[in-house]
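*Asks:* This is protein_13.txt (compact mmCIF, C-alpha atoms).
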# COMPACT_ATOMS: atom_id res chain seq x y z
CA MET Z 7 52.57 36.24 142.00
CA LYS Z 8 52.16 36.37 145.78
CA LYS Z 9 51.04 32.72 145.88
CA LEU Z 10 54.01 31.76 143.70
CA ILE Z 11 56.44 33.52 146.03
CA LYS Z 12 54.88 31.94 149.12
CA THR Z 13 55.08 28.48 147.57
CA SER Z 14 58.64 28.78 146.27
CA GLN Z 15 59.94 30.36 149.49
CA LYS Z 16 57.93 28.25 151.94
CA LYS Z 17 60.95 26.62 153.59
CA ARG Z 18 62.73 29.96 153.93
CA PHE Z 19 59.64 31.62 155.41
CA GLU Z 20 59.34 28.87 158.01
CA SER Z 21 62.83 29.71 159.28
CA ILE Z 22 61.84 33.33 159.98
CA ARG Z 23 60.95 33.86 163.64
CA ALA Z 24 60.52 37.64 163.89
CA ILE Z 25 60.28 40.96 162.12
CA ASP Z 26 61.73 43.90 164.08
CA TYR Z 27 60.86 47.54 163.48
CA ASN Z 28 63.65 49.68 164.92
CA TYR Z 29 62.51 53.29 165.29
CA ASP Z 30 65.00 56.15 165.49
CA LYS Z 31 63.42 59.05 167.35
CA GLU Z 32 66.01 61.61 166.20
CA TYR Z 33 65.37 61.11 162.49
CA GLY Z 34 61.76 59.90 162.75
CA GLU Z 35 62.40 56.84 160.60
CA ALA Z 36 62.11 53.09 161.02
CA LYS Z 37 64.30 50.27 159.80
CA VAL Z 38 62.89 46.79 159.37
CA TYR Z 39 65.00 43.73 160.15
CA ILE Z 40 64.55 39.98 159.89
CA PRO Z 41 67.04 38.67 162.49
CA ASP Z 42 69.06 35.66 161.43
CA GLU Z 43 68.62 33.25 164.33
CA ARG Z 44 71.42 31.04 163.00
CA ARG Z 45 74.06 33.73 163.44
CA PRO Z 46 76.37 33.09 166.43
CA LYS Z 47 75.71 35.35 169.40
CA THR Z 48 78.11 38.25 169.93
CA SER Z 49 78.68 40.75 172.72
CA ASN Z 50 77.02 43.42 170.54
CA PRO Z 51 73.25 42.80 170.36
CA GLU Z 52 72.53 45.66 167.93
CA PRO Z 53 70.91 44.82 164.55
CA VAL Z 54 73.31 44.15 161.68
CA ILE Z 55 73.12 45.42 158.11
CA ASP Z 56 72.77 41.89 156.73
CA ASP Z 57 69.39 41.57 158.49
CA LEU Z 58 68.03 44.87 157.13
CA ILE Z 59 65.26 44.41 154.57
CA LEU Z 60 63.63 47.86 154.43
CA SER Z 61 64.04 51.45 155.56
CA ILE Z 62 61.00 53.71 156.06
CA GLU Z 63 61.88 57.41 155.81
CA LYS Z 64 60.50 60.89 155.19
CA ARG Z 65 60.58 61.77 151.49
CA ASN Z 66 63.54 63.84 150.35
CA ASN Z 67 62.71 65.75 147.17
CA ALA Z 68 66.41 66.31 146.49
CA LEU Z 69 66.76 62.62 145.66
CA ASN Z 70 65.67 60.91 142.46
CA GLY Z 71 65.04 57.39 141.24
CA TYR Z 72 61.67 56.99 142.94
CA PHE Z 73 59.19 54.37 141.78
CA GLN Z 74 55.72 53.56 143.11
CA LEU Z 75 54.25 50.31 144.41
CA ASN Z 76 50.77 49.43 145.61
CA VAL Z 77 51.20 48.07 149.14
CA SER Z 78 48.01 46.78 150.77
CA GLY Z 79 45.97 49.25 148.76
CA LYS Z 80 48.18 52.28 149.34
CA ILE Z 81 50.50 53.79 146.71
CA ILE Z 82 53.94 54.25 148.30
CA ASP Z 83 57.10 55.80 146.86
CA PHE Z 84 60.19 53.57 146.90
CA ARG Z 85 63.79 53.75 145.78
CA LEU Z 86 66.87 51.56 146.06
CA SER Z 87 69.73 53.20 147.86
CA GLY Z 88 73.25 52.57 149.02
CA TYR Z 89 75.82 49.92 148.29
CA HIS Z 90 73.52 47.13 149.47
CA LYS Z 91 70.58 48.39 147.38
CA ILE Z 92 68.22 48.12 150.35
CA PRO Z 93 64.69 49.24 149.40
CA GLU Z 94 63.54 52.47 151.03
CA ALA Z 95 59.87 53.39 151.47
CA TYR Z 96 59.03 57.08 151.73
CA PHE Z 97 56.24 59.06 153.32
CA LEU Z 98 55.14 62.65 153.57
CA GLY Z 99 54.98 63.96 157.15
CA CYS Z 100 51.25 63.41 157.58
CA GLU Z 101 51.34 59.91 156.07
CA LYS Z 102 53.95 58.24 158.26
CA GLU Z 103 51.57 56.09 160.28
CA SER Z 104 49.43 55.04 157.31
CA VAL Z 105 52.52 54.07 155.26
CA ILE Z 106 53.88 51.95 158.12
CA GLN Z 107 50.47 50.36 158.65
CA SER Z 108 50.23 49.39 154.96
CA ILE Z 109 53.70 47.86 154.99
CA HIS Z 110 52.92 45.97 158.18
CA ASN Z 111 49.63 44.69 156.76
CA HIS Z 112 51.59 43.39 153.79
CA PHE Z 113 53.95 41.48 156.12
CA LEU Z 114 50.94 40.00 157.90
CA ASP Z 115 49.51 38.93 154.56
CA VAL Z 116 52.75 37.26 153.51
CA PHE Z 117 54.02 35.81 156.79
CA GLY Z 118 50.83 35.49 158.83
CA ASN Z 119 50.50 35.60 162.61
CA SER Z 120 52.89 32.76 163.40
CA MET Z 121 55.93 34.97 164.07
CA ASP Z 122 56.82 37.80 166.43
CA TYR Z 123 56.43 41.38 165.24
CA ASN Z 124 58.34 43.84 167.44
CA TRP Z 125 58.36 47.65 167.51
CA GLN Z 126 61.30 49.02 169.44
CA SER Z 127 62.97 52.38 170.02
CA GLN Z 128 66.58 52.99 169.09
CA PHE Z 129 68.75 55.33 171.20
CA TRP Z 130 65.74 56.07 173.43
CA ASP Z 131 67.98 57.21 176.33
CA ARG Z 132 69.52 60.07 174.34
CA PRO Z 133 67.79 63.27 175.53
CA LEU Z 134 65.68 65.00 172.91
CA LYS Z 135 63.68 68.00 174.06
CA GLY Z 136 59.92 67.67 173.62
CA PHE Z 137 60.17 64.08 172.37
CA THR Z 138 57.09 61.86 172.52
CA PRO Z 139 57.51 58.20 171.49
CA PHE Z 140 55.91 57.37 168.16
CA LEU Z 141 53.77 54.24 168.43
CA PRO Z 142 51.77 53.46 165.27
CA LYS Z 143 48.73 51.28 165.81
CA LEU Z 144 49.72 47.94 164.28
CA LYS Z 145 48.10 44.52 164.57
CA ASN Z 146 49.84 41.68 166.45
CA VAL Z 147 52.84 43.82 167.40
CA SER Z 148 54.78 43.81 170.68
CA TYR Z 149 55.86 47.33 171.63
CA PHE Z 150 59.17 47.90 173.43
CA VAL Z 151 59.36 51.52 174.61
CA GLY Z 152 62.05 53.54 176.33
CA MET Z 153 61.35 56.96 177.85
CA ILE Z 154 63.03 59.62 179.94
CA LEU Z 155 60.73 61.04 182.63
CA GLU Z 156 61.57 64.74 182.66
CA GLY Z 157 60.09 67.97 181.36
CA HIS Z 158 56.60 67.35 179.99
CA PHE Z 159 56.49 63.78 181.26
CA ALA Z 160 57.65 64.73 184.75
CA ASP Z 161 53.98 65.59 185.25
CA VAL Z 162 52.52 62.19 185.97
CA LYS Z 163 49.21 63.19 184.38
CA ASN Z 164 50.91 63.74 181.01
CA PHE Z 165 52.79 60.47 181.26
CA ASP Z 166 49.66 58.53 182.22
CA SER Z 167 47.71 60.18 179.40
CA PHE Z 168 50.34 59.02 176.90
CA ILE Z 169 50.24 55.46 178.26
CA SER Z 170 46.43 55.41 178.23
CA SER Z 171 46.26 56.44 174.57
CA SER Z 172 48.98 53.99 173.46
CA PRO Z 173 48.64 50.33 172.45
CA VAL Z 174 49.26 47.83 175.25
CA LEU Z 175 53.03 47.76 175.76
CA LYS Z 176 55.25 44.71 176.11
CA THR Z 177 58.20 46.43 177.78
CA ILE Z 178 58.87 49.90 179.20
CA GLN Z 179 62.29 51.16 180.18
CA LEU Z 180 62.16 54.37 182.21
CA LEU Z 181 64.98 56.70 183.11
CA VAL Z 182 63.50 58.95 185.82
CA MET Z 183 65.28 62.31 185.81
CA ALA Z 184 62.76 64.42 187.72
CA LYS Z 185 60.70 64.07 190.86
CA THR Z 186 57.27 62.68 190.06
CA GLU Z 187 54.10 62.00 191.96
CA PRO Z 188 52.69 58.46 192.28
CA MET Z 189 50.53 57.31 189.38
CA ASN Z 190 46.93 56.20 189.58
CA PRO Z 191 46.93 52.59 190.87
CA GLU Z 192 44.59 51.66 188.01
CA SER Z 193 46.92 53.10 185.33
CA LYS Z 194 47.48 50.97 182.23
CA PHE Z 195 51.19 51.47 182.92
CA TYR Z 196 51.03 48.75 185.57
CA ASP Z 197 49.61 46.24 183.05
CA THR Z 198 52.82 46.34 181.01
CA GLU Z 199 54.37 42.88 180.88
CA SER Z 200 57.86 44.07 181.77
CA ILE Z 201 59.05 47.31 183.36
CA HIS Z 202 62.59 48.41 184.10
CA ILE Z 203 63.06 51.68 186.00
CA HIS Z 204 66.27 53.55 186.77
CA THR Z 205 66.14 56.48 189.22
CA PRO Z 206 69.81 57.55 189.47
CA MET Z 207 69.41 60.90 191.21
CA PHE Z 208 66.72 60.61 193.87
CA ASN Z 209 63.98 58.43 195.32
CA GLY Z 210 61.04 57.89 193.00
CA PRO Z 211 57.53 56.71 193.87
CA ASP Z 212 56.98 53.05 194.70
CA PHE Z 213 56.47 51.73 191.18
CA LEU Z 214 56.39 48.15 192.45
CA ARG Z 215 53.30 48.31 194.66
CA HIS Z 216 50.61 48.29 191.95
CA PHE Z 217 52.48 46.29 189.29
CA ARG Z 218 50.30 43.69 187.52
CA GLY Z 219 52.76 42.39 184.90
CA LYS Z 220 55.38 39.65 184.84
CA HIS Z 221 58.83 41.23 185.25
CA ILE Z 222 59.89 44.39 187.07
CA GLY Z 223 63.35 45.71 187.88
CA LEU Z 224 64.22 48.80 189.93
CA ASN Z 225 67.61 50.49 190.11
CA CYS Z 226 67.24 53.17 192.74
CA ASN Z 227 69.19 55.30 195.21
CA ARG Z 228 67.13 54.19 198.19
CA TYR Z 229 64.16 51.94 198.85
CA GLU Z 230 62.07 51.70 201.98
CA LYS Z 231 62.43 48.44 203.88
CA SER Z 232 58.73 48.56 204.77
CA ASN Z 233 57.81 48.66 201.06
CA LEU Z 234 59.91 45.60 200.35
CA ILE Z 235 58.40 43.66 203.25
CA ASP Z 236 54.92 44.72 202.13
CA PHE Z 237 55.63 43.53 198.57
CA VAL Z 238 56.53 40.00 199.73
CA LYS Z 239 53.67 39.92 202.23
CA ARG Z 240 51.12 40.80 199.55
CA TRP Z 241 52.56 38.22 197.14
CA LYS Z 242 52.40 35.53 199.83
CA SER Z 243 48.75 36.36 200.52
CA GLY Z 244 47.87 35.68 196.87
CA LYS Z 245 45.93 38.97 196.67
CA SER Z 246 48.52 40.82 194.53
CA PHE Z 247 51.18 40.13 191.90
CA GLN Z 248 49.41 37.01 190.57
CA ASN Z 249 51.18 37.35 187.21
CA LEU Z 250 54.65 38.05 188.60
CA GLU Z 251 57.53 35.85 187.43
CA PHE Z 252 60.63 37.83 188.35
CA SER Z 253 61.62 41.03 190.10
CA TYR Z 254 64.74 42.64 191.45
CA ILE Z 255 65.42 45.81 193.39
CA GLU Z 256 68.96 47.16 193.35
CA ILE Z 257 69.53 49.73 196.11
CA ARG Z 258 72.56 52.00 195.89
CA TYR Z 259 72.50 53.65 199.34
CA ASP Z 260 71.20 52.76 202.81
CA ASN Z 261 70.91 49.11 201.84
CA GLN Z 262 72.23 47.55 205.06
CA PHE Z 263 68.76 46.30 205.94
CA LEU Z 264 69.08 43.74 203.13
CA ASN Z 265 71.33 41.68 205.41
CA GLN Z 266 68.33 40.77 207.58
CA ILE Z 267 65.48 41.11 205.10
CA LEU Z 268 65.11 37.36 204.41
CA ASN Z 269 64.25 36.74 208.03
CA GLU Z 270 61.92 39.74 208.16
CA ILE Z 271 59.86 38.56 205.18
CA GLY Z 272 59.31 35.22 206.90
CA ALA Z 273 61.39 33.18 204.47
CA LYS Z 274 61.86 29.44 204.84
CA PHE Z 275 65.34 28.00 204.34
CA ILE Z 276 66.65 24.93 202.52
CA ASP Z 277 69.12 22.87 204.53
CA ALA Z 278 72.55 24.53 204.29
CA THR Z 279 74.14 21.21 203.30
CA LYS Z 280 72.01 21.03 200.16
CA GLN Z 281 72.34 22.96 196.93
CA PRO Z 282 69.27 24.99 195.93
CA PRO Z 283 68.15 25.19 192.29
CA THR Z 284 69.22 28.15 190.16
CA TYR Z 285 66.41 30.49 189.12
CA ALA Z 286 66.42 32.08 185.65
CA VAL Z 287 63.69 32.76 183.09
CA ARG Z 288 63.68 34.35 179.66
CA GLN Z 289 64.36 38.01 180.31
CA ARG Z 290 62.04 40.75 179.08
CA PHE Z 291 63.92 43.93 180.05
CA ASP Z 292 66.44 44.32 177.20
CA TRP Z 293 64.72 43.92 173.84
CA ASN Z 294 68.04 43.58 172.01
CA ARG Z 295 68.65 40.41 174.03
CA LYS Z 296 65.17 38.95 173.84
CA ASN Z 297 66.42 35.35 173.85
CA ASP Z 298 68.65 35.71 176.91
CA THR Z 299 67.67 34.85 180.48
CA THR Z 300 67.42 36.96 183.59
CA GLU Z 301 70.46 37.14 185.86
CA PRO Z 302 70.63 33.62 187.35
CA PHE Z 303 70.53 33.52 191.13
CA MET Z 304 70.65 30.75 193.70
CA SER Z 305 69.29 31.08 197.23
CA HIS Z 306 68.52 28.83 200.16
CA ALA Z 307 65.64 31.16 201.08
CA TYR Z 308 62.13 30.86 199.69
CA VAL Z 309 58.57 31.89 200.47
CA VAL Z 310 55.26 30.13 199.80
CA ARG Z 311 52.04 31.65 198.43
CA GLU Z 312 49.04 30.83 200.60
CA SER Z 313 46.48 30.65 197.81
CA ASP Z 314 48.12 27.89 195.72
CA ASN Z 315 51.25 26.81 197.64
CA LEU Z 316 53.56 28.00 194.84
CA VAL Z 317 57.15 28.84 195.76
CA ALA Z 318 59.28 31.91 195.06
CA SER Z 319 63.02 32.01 195.64
CA ALA Z 320 64.25 35.15 197.42
CA GLY Z 321 67.90 36.16 197.60
CA ILE Z 322 70.39 38.97 198.07
CA GLN Z 323 73.13 39.56 195.54
CA ASN Z 324 75.34 42.66 195.04
CA ASN Z 325 73.11 45.07 197.02
CA ALA Z 326 70.01 43.80 195.21
CA PHE Z 327 66.96 41.81 196.29
CA PHE Z 328 65.99 39.09 193.82
CA PHE Z 329 62.60 37.37 193.69
CA GLY Z 330 61.76 34.55 191.28
CA VAL Z 331 58.47 32.65 191.15
CA TRP Z 332 58.58 28.94 190.35
CA ASP Z 333 55.76 27.03 188.66
CA LYS Z 334 56.05 24.46 191.44
CA THR Z 335 54.36 23.87 194.76
CA GLU Z 336 56.52 23.67 197.86
CA GLU Z 337 56.50 19.88 197.74
CA GLU Z 338 57.51 19.84 194.05
CA PHE Z 339 60.15 22.52 194.64
CA LEU Z 340 61.86 20.62 197.45
CA ARG Z 341 62.10 17.55 195.24
CA ILE Z 342 64.47 19.37 192.85
CA VAL Z 343 66.80 20.45 195.66
CA GLU Z 344 70.04 18.47 195.37
Step by step, read the file and then write its structure as structure tokens.
*Replies:*
Amino acid sequence: MKKLIKTSQKKRFESIRAIDYNYDKEYGEAKVYIPDERRPKTSNPEPVIDDLILSIEKRNNALNGYFQLNVSGKIIDFRLSGYHKIPEAYFLGCEKESVIQSIHNHFLDVFGNSMDYNWQSQFWDRPLKGFTPFLPKLKNVSYFVGMILEGHFADVKNFDSFISSSPVLKTIQLLVMAKTEPMNPESKFYDTESIHIHTPMFNGPDFLRHFRGKHIGLNCNRYEKSNLIDFVKRWKSGKSFQNLEFSYIEIRYDNQFLNQILNEIGAKFIDATKQPPTYAVRQRFDWNRKNDTTEPFMSHAYVVRESDNLVASAGIQNNAFFFGVWDKTEEEFLRIVE
């Protein structure tokens, strides 16, 4: 039967690009979506009911109409619910991870490894006392995690312990609501591909210094000029930030030093009569807009990495420092200047 379905639906399967697990921390349940890439983009990036294929929930004994299916060797309770008759898979409290793993293994068996599988948190920025993100161990999945650093996780040891025991994360969004100590420079946190950090109330530790991923964004009250100069200096040396593609640092207060920072980092400048290229890459901060680009920026200033002569554009825009690494040497970069 599985082979028959695969054969008859081959063309349809080839049009599927991703399966998204959207986890709701408040209710402890996950909804599974297959996004329709053909749908026109809207200003609201949230999943739509038409893309929902399955809901995974804790069993409610007050309901009826359950039936059982063998999914990847595990017997799971199902029922059809609601106007749309969307299938719902149920678990007992202790079985949540194993039920999700069995369902995911079934998707892998049907669709294979050619598509993106994403696990993401819904409403992560709504405070919930004592909340720890739920991250089931699933094969070939990209994890997009949002966390509030306060309470238990204000202790950097607890936060680092959680990160160390978790699968490798694709994206972390942090809302820092308590003063924290710097993390271990070797923490797995810094290996995350994309990190976005918002510290709205006070100065946090320098999360940028030990970053080893591709994209990092900081929205902070204040940021030390010396740290920013050191960041560019270390990138130029080729000894740090080898994987970096894009970063920005938005500074709310005491940001006047940005007016002179391009000179202080030793930037080179394209002739003012020429138009520099616009830098933008596929953004990795907002997982609901995975196909969008980073905020485009254009700057006459650039710096060159000593180890391979690659160029990074550096610019100031709306009290923020932008830094974008090109896959071009200085000679190749200057050729695309108009």
*Asks:* Quick one: residues within 10 Å of Ile276 in chain Z, only C-alpha atoms counted, chain neighbours fewer than 4 positions away excluded, as a VMD selection string?
*Replies:* chain Z and resid 280 to 282 305 to 308 340 343
*Asks:* Which one is closest to Phe117 in chain Z: Z:Lys91, Z:Arg18, Z:Arg65, Z:Arg295? Count all atoms listed in the file.
*Replies:* Z:Arg18
*Asks:* At a cut-off of 8 Å around the point (51.5, 39.6, 148.0) (file coordinates), what residues fall inside when counting all atoms listed in the file? I'd like the answer as a list in words.
*Replies:* Met7, Lys8, Lys9, His112, Asp115 and Val116 of chain Z
*Asks:* In the coordinates of the file, take the point (48.5, 33.6, 200.4) and a cut-off of 9 Å; then, counting all atoms listed in the file, name each qualifying protein, DNA or RNA residue as a list in words.
*Replies:* Lys239, Arg240, Trp241, Lys242, Ser243, Gly244, Lys245, Val310, Arg311, Glu312, Ser313, Asp314 and Asn315 of chain Z
*Asks:* Just to confirm, what's the straight-line distance from CA of Ala286 in chain Z to CA of Met207 in chain Z in Å (one decimal)?
*Replies:*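 Separating CA of Ala286 in chain Z from CA of Met207 in chain Z is a distance of 29.5 Å.
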*Asks:* List as a count of residues only the protein and nucleic acid residues near Glu256 in chain Z, meaning an atom at most 6 Å away when only C-alpha atoms are counted, but skip any in the same chain fewer than 3 places from it.
*Replies:* 3
*Asks:* Excluding same-chain residues fewer than 2 positions from Glu35 in chain Z, what lies within 9 Å of it counting all atoms listed in the file, as an MDAnalysis selection string?
*Replies:* chainID Z and resid 28:33 37 61:64 102
*Asks:* Quick one: 6 Å padding each side, axis-aligned, all listed atoms of range 195-213 of chain Z - centre and edge lengths in Å to one decimal, as JSON?
*Replies:*
{"center_x": 59.7, "center_y": 51.9, "center_z": 188.1, "size_x": 32.2, "size_y": 30.0, "size_z": 26.4}
*Asks:* Find the residue from Z:Asp42, Z:Asp166, Z:Asp83, Z:Asp333 that sits nearest to Phe19 in chain Z; use only C-alpha atoms when measuring.
*Replies:*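 Going through Z:Asp42, Z:Asp166, Z:Asp83, Z:Asp333 one by one, the smallest distance to Phe19 in chain Z is for Z:Asp42.
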*Asks:* Record the distance separating CA of Met121 in chain Z and CA of Asp57 in chain Z, expressed in Å with one decimal.
*Replies:* 16.0 Å
*Asks:* When you draw a straight line from CA of Val317 in chain Z to CA of Leu214 in chain Z, how long is it in Å?
*Replies:*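 A separation of 19.6 Å between them.
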*Asks:* Using all atoms listed in the file, can you tell me which of Z:Arg290, Z:Arg258, Z:Arg85, Z:Arg218 comes closest to Lys176 in chain Z?
*Replies:*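 Using all atoms listed in the file, the shortest distance to Lys176 in chain Z belongs to Z:Arg290.
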*Asks:* For Asp122 in chain Z, which residue among Z:Leu175, Z:Ile342, Z:Ile11, Z:Ile40 is the nearest when counting all atoms listed in the file?
*Replies:*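 The answer is Z:Ile40, which sits nearest to Asp122 in chain Z.
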*Asks:* Env of Ser104 in chain Z: 9 Å cut, atoms = only C-alpha atoms, seq-sep filter 4 positions within chain, self excluded. Answer as a PyMOL selection string.
*Replies:* chain Z and resi 80+97+100+108-109+142
*Asks:* May I ask which of the residues Z:Ser148, Z:Gln262, Z:Gln248, Z:Ser87 is the closest one to Asp26 in chain Z, counting all atoms listed in the file?
*Replies:*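 For Asp26 in chain Z, the nearest of the given residues is Z:Ser148.
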*Asks:* Within 9 Å of Met183 in chain Z, counting all atoms listed in the file, which residues qualify if same-chain residues fewer than 5 places away don't, as a list in words?
*Replies:*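 Returned residues: Ile154, Leu155, Glu156, Gly157, Ala160, His204, Thr205, Pro206, Met207 and Phe208 of chain Z.
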*Asks:* Counting only C-alpha atoms, which of Z:Leu141, Z:Ala273, Z:Leu114, Z:Ile169 gets nearest to Ile25 in chain Z?
*Replies:*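 Among Z:Leu141, Z:Ala273, Z:Leu114, Z:Ile169, it is Z:Leu114 that comes nearest to Ile25 in chain Z.
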*Asks:* Could you add N, CA and C atoms to range 304-320 of chain Z and give me the result as a tab-separated table (two decimals), in the coordinates of the input?
*Replies:*
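The resulting file, rebuild-v1.tsv, is shown below:
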chain	number	residue	atom	x	y	z
Z	304	MET	N	70.86	31.96	192.91
Z	304	MET	CA	70.65	30.75	193.70
Z	304	MET	C	70.52	31.18	195.15
Z	305	SER	N	69.51	30.69	195.84
Z	305	SER	CA	69.29	31.08	197.23
Z	305	SER	C	68.68	29.94	198.02
Z	306	HIS	N	69.12	29.82	199.27
Z	306	HIS	CA	68.52	28.83	200.16
Z	306	HIS	C	67.17	29.30	200.71
Z	307	ALA	N	66.88	30.59	200.52
Z	307	ALA	CA	65.64	31.16	201.08
Z	307	ALA	C	64.50	31.10	200.06
Z	308	TYR	N	63.30	30.84	200.56
Z	308	TYR	CA	62.13	30.86	199.69
Z	308	TYR	C	60.89	31.19	200.52
Z	309	VAL	N	59.85	31.62	199.82
Z	309	VAL	CA	58.57	31.89	200.47
Z	309	VAL	C	57.48	31.14	199.71
Z	310	VAL	N	56.34	30.94	200.37
Z	310	VAL	CA	55.26	30.13	199.80
Z	310	VAL	C	53.98	30.97	199.74
Z	311	ARG	N	53.29	30.90	198.59
Z	311	ARG	CA	52.04	31.65	198.43
Z	311	ARG	C	50.89	30.85	199.04
Z	312	GLU	N	50.11	31.50	199.85
Z	312	GLU	CA	49.04	30.83	200.60
Z	312	GLU	C	47.94	30.29	199.70
Z	313	SER	N	47.64	31.00	198.62
Z	313	SER	CA	46.48	30.65	197.81
Z	313	SER	C	46.66	29.37	197.01
Z	314	ASP	N	47.90	29.07	196.56
Z	314	ASP	CA	48.12	27.89	195.72
Z	314	ASP	C	49.37	27.10	196.08
Z	315	ASN	N	50.06	27.52	197.14
Z	315	ASN	CA	51.25	26.81	197.64
Z	315	ASN	C	52.43	26.89	196.68
Z	316	LEU	N	52.41	27.82	195.72
Z	316	LEU	CA	53.56	28.00	194.84
Z	316	LEU	C	54.71	28.66	195.58
Z	317	VAL	N	55.93	28.39	195.09
Z	317	VAL	CA	57.15	28.84	195.76
Z	317	VAL	C	57.81	29.96	194.96
Z	318	ALA	N	58.43	30.90	195.68
Z	318	ALA	CA	59.28	31.91	195.06
Z	318	ALA	C	60.62	31.92	195.80
Z	319	SER	N	61.70	31.86	195.05
Z	319	SER	CA	63.02	32.01	195.64
Z	319	SER	C	63.26	33.49	195.92
Z	320	ALA	N	63.92	33.77	197.05
Z	320	ALA	CA	64.25	35.15	197.42
Z	320	ALA	C	65.72	35.18	197.82
